[in-house]
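K.L.:
Quick one: the structure is below, questions incoming.
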Amino acid sequence: MKITVFNGSPRGRKSNSHKIVEPLLEGAKEAGSQTEEIFLVEHDIKHCRGCFSCWGKTPGICVIKDDMPKLLNLFLESDYAGMATPVYGLLMTAILKNFTDRFLPLATPHIRKNKDGSFYHEGRVKRFPRQFFIANSGFPGEYNFDLLQALMSHQNMVLEIYRNCGGILEDQDDTDEELQKKIGAFREALKNAGREMVTRGSVSRETVAQIHAPLISDEEYMAGANQYWDQQIDQAESEQ
Ligand SMILES: Cc1cc2nc3c(=O)[nH]c(=O)nc-3n(C[C@H](O)[C@H](O)[C@H](O)COP(=O)(O)O)c2cc1C
């Protein structure tokens, strides 16, 4: 079994997204899966040109020469493929959106109708990986995920992770003991999710609930974040 996560944060290996992906893949690896995290920011992924050549003149093949064919192969050879992103302006990052736009060669051009009245393009290949989605937001609260959740309701995801207060995942020396414990439990729940994907083909409700357990109160998070930025601004001013 192979599980691949495509991380769409511009912060790549230092991202909070990575701090969510890492334990999940660790759990999957422990359960026997091959795992890989792709940091999209490190790859050459040009914008889709909307030329539709991949549907007409060169079926299934994009005319752009960059890293996408390699990444699409990696996607297709995975049993599970995850997409991870920070919330940017209530949506996913442009890096991840750009990446997913380039999936057009995997679809055929003809329009089909679903029973529920929505429309789709059939896949060009027989086997697609099962997919999961991970988002983290810098704000507290849940509304930051509304648009992404609406988008995901049109996809058939095996797991959706929406982690608010993403800033607490940053490496910090002064995190208090209680919060450290909660973050530890969050990481353990993510590991379990990875294990369960491999061992039972789905993630239990219990694990999903543990992943989404609140880690910090809104007020405490706001106070910590505002204090951090005050310090950054003061330091920058003192260095001028
Ligand atoms: C351009 C930009 C837009 C952002 N927009 C939002 C937003 O709409 N809502 C939110 O909660 N956080 C927003 N954030 C904060 C990020 O989601 C937050 O810092 C996240 O933890 C970063 O994750 P990463 O380290 O994986 O990139 C934004 C950050 C940037 C740089």
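Numbering starts fresh at 1 for the residues of each chain in the structure tokens, the chains themselves are lettered A, B, ... in the order given, and ligands are numbered from 1 as they appear.
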Would you mind listing what lies within 9 Å of Met68 in chain A as number ranges by chain, with only C-alpha atoms counted and same-chain residues fewer than 5 positions away left out?
P.N.:
A: 43-46, 62, 73, 99, 102-103
K.L.:
Taking 2 positions as the minimum chain separation for residues in the same chain, which residues sit within 7 Å of range 26-38 of chain A when counting only C-alpha atoms? Answer as number ranges by chain.
P.N.:
A: 1-7, 22-24, 40, 191-192, 194-195, 198-199
K.L.:
Report the closest atom pair, with its distance in Å rounded to one decimal, for each residue of chain A that has an atom no farther than 10 Å from ligand 1; count only C-alpha atoms and all ligand atoms, sort by chain and then rising residue number, and write it as a tab-separated table.
P.N.:
residue	atom	partner	partner_atom_place_in_ligand_line	distance
A:Asn7	CA	ligand 1	26 (O)	8.2
A:Gly8	CA	ligand 1	26 (O)	7.8
A:Ser9	CA	ligand 1	27 (O)	4.4
A:Pro10	CA	ligand 1	27 (O)	6.0
A:Arg11	CA	ligand 1	27 (O)	5.2
A:Gly12	CA	ligand 1	27 (O)	7.3
A:Arg13	CA	ligand 1	25 (O)	8.8
A:Lys14	CA	ligand 1	25 (O)	6.6
A:Ser15	CA	ligand 1	25 (O)	3.3
A:Asn16	CA	ligand 1	25 (O)	3.7
A:Ser17	CA	ligand 1	26 (O)	3.6
A:His18	CA	ligand 1	26 (O)	6.4
A:Lys19	CA	ligand 1	26 (O)	7.9
A:Ile20	CA	ligand 1	26 (O)	8.6
A:Val21	CA	ligand 1	26 (O)	9.8
A:Ala84	CA	ligand 1	26 (O)	7.9
A:Thr85	CA	ligand 1	26 (O)	6.0
A:Pro86	CA	ligand 1	23 (O)	4.2
A:Val87	CA	ligand 1	17 (O)	4.1
A:Tyr88	CA	ligand 1	5 (N)	3.4
A:Gly89	CA	ligand 1	8 (O)	3.4
A:Leu90	CA	ligand 1	8 (O)	3.9
A:Leu91	CA	ligand 1	8 (O)	6.8
A:Met92	CA	ligand 1	17 (O)	8.9
A:Thr93	CA	ligand 1	1 (C)	8.1
A:Ala94	CA	ligand 1	1 (C)	9.6
A:Ile134	CA	ligand 1	26 (O)	9.8
A:Ala135	CA	ligand 1	26 (O)	8.0
A:Asn136	CA	ligand 1	21 (O)	5.5
A:Ser137	CA	ligand 1	11 (O)	3.8
A:Gly138	CA	ligand 1	18 (C)	3.6
A:Phe139	CA	ligand 1	11 (O)	3.7
A:Pro140	CA	ligand 1	11 (O)	6.7
A:Gly141	CA	ligand 1	11 (O)	8.1
A:Glu142	CA	ligand 1	11 (O)	8.8
A:Tyr143	CA	ligand 1	11 (O)	8.6
A:Asn144	CA	ligand 1	9 (N)	5.4
A:Phe145	CA	ligand 1	11 (O)	8.1
A:Arg163	CA	ligand 1	21 (O)	8.7
A:Asn164	CA	ligand 1	11 (O)	7.0
A:Cys165	CA	ligand 1	21 (O)	7.0
A:Gly166	CA	ligand 1	21 (O)	4.0
A:Gly167	CA	ligand 1	21 (O)	5.0
A:Ile168	CA	ligand 1	21 (O)	8.2
A:Leu169	CA	ligand 1	21 (O)	7.8
A:Glu170	CA	ligand 1	25 (O)	7.8
K.L.:
Check the DSSP output for the backbone and give back, as a PyMOL selection string, the residues of range 156-225 of chain A in helix (DSSP H, G or I).
P.N.:
chain A and resi 166-169+177-200+205-211+218-225
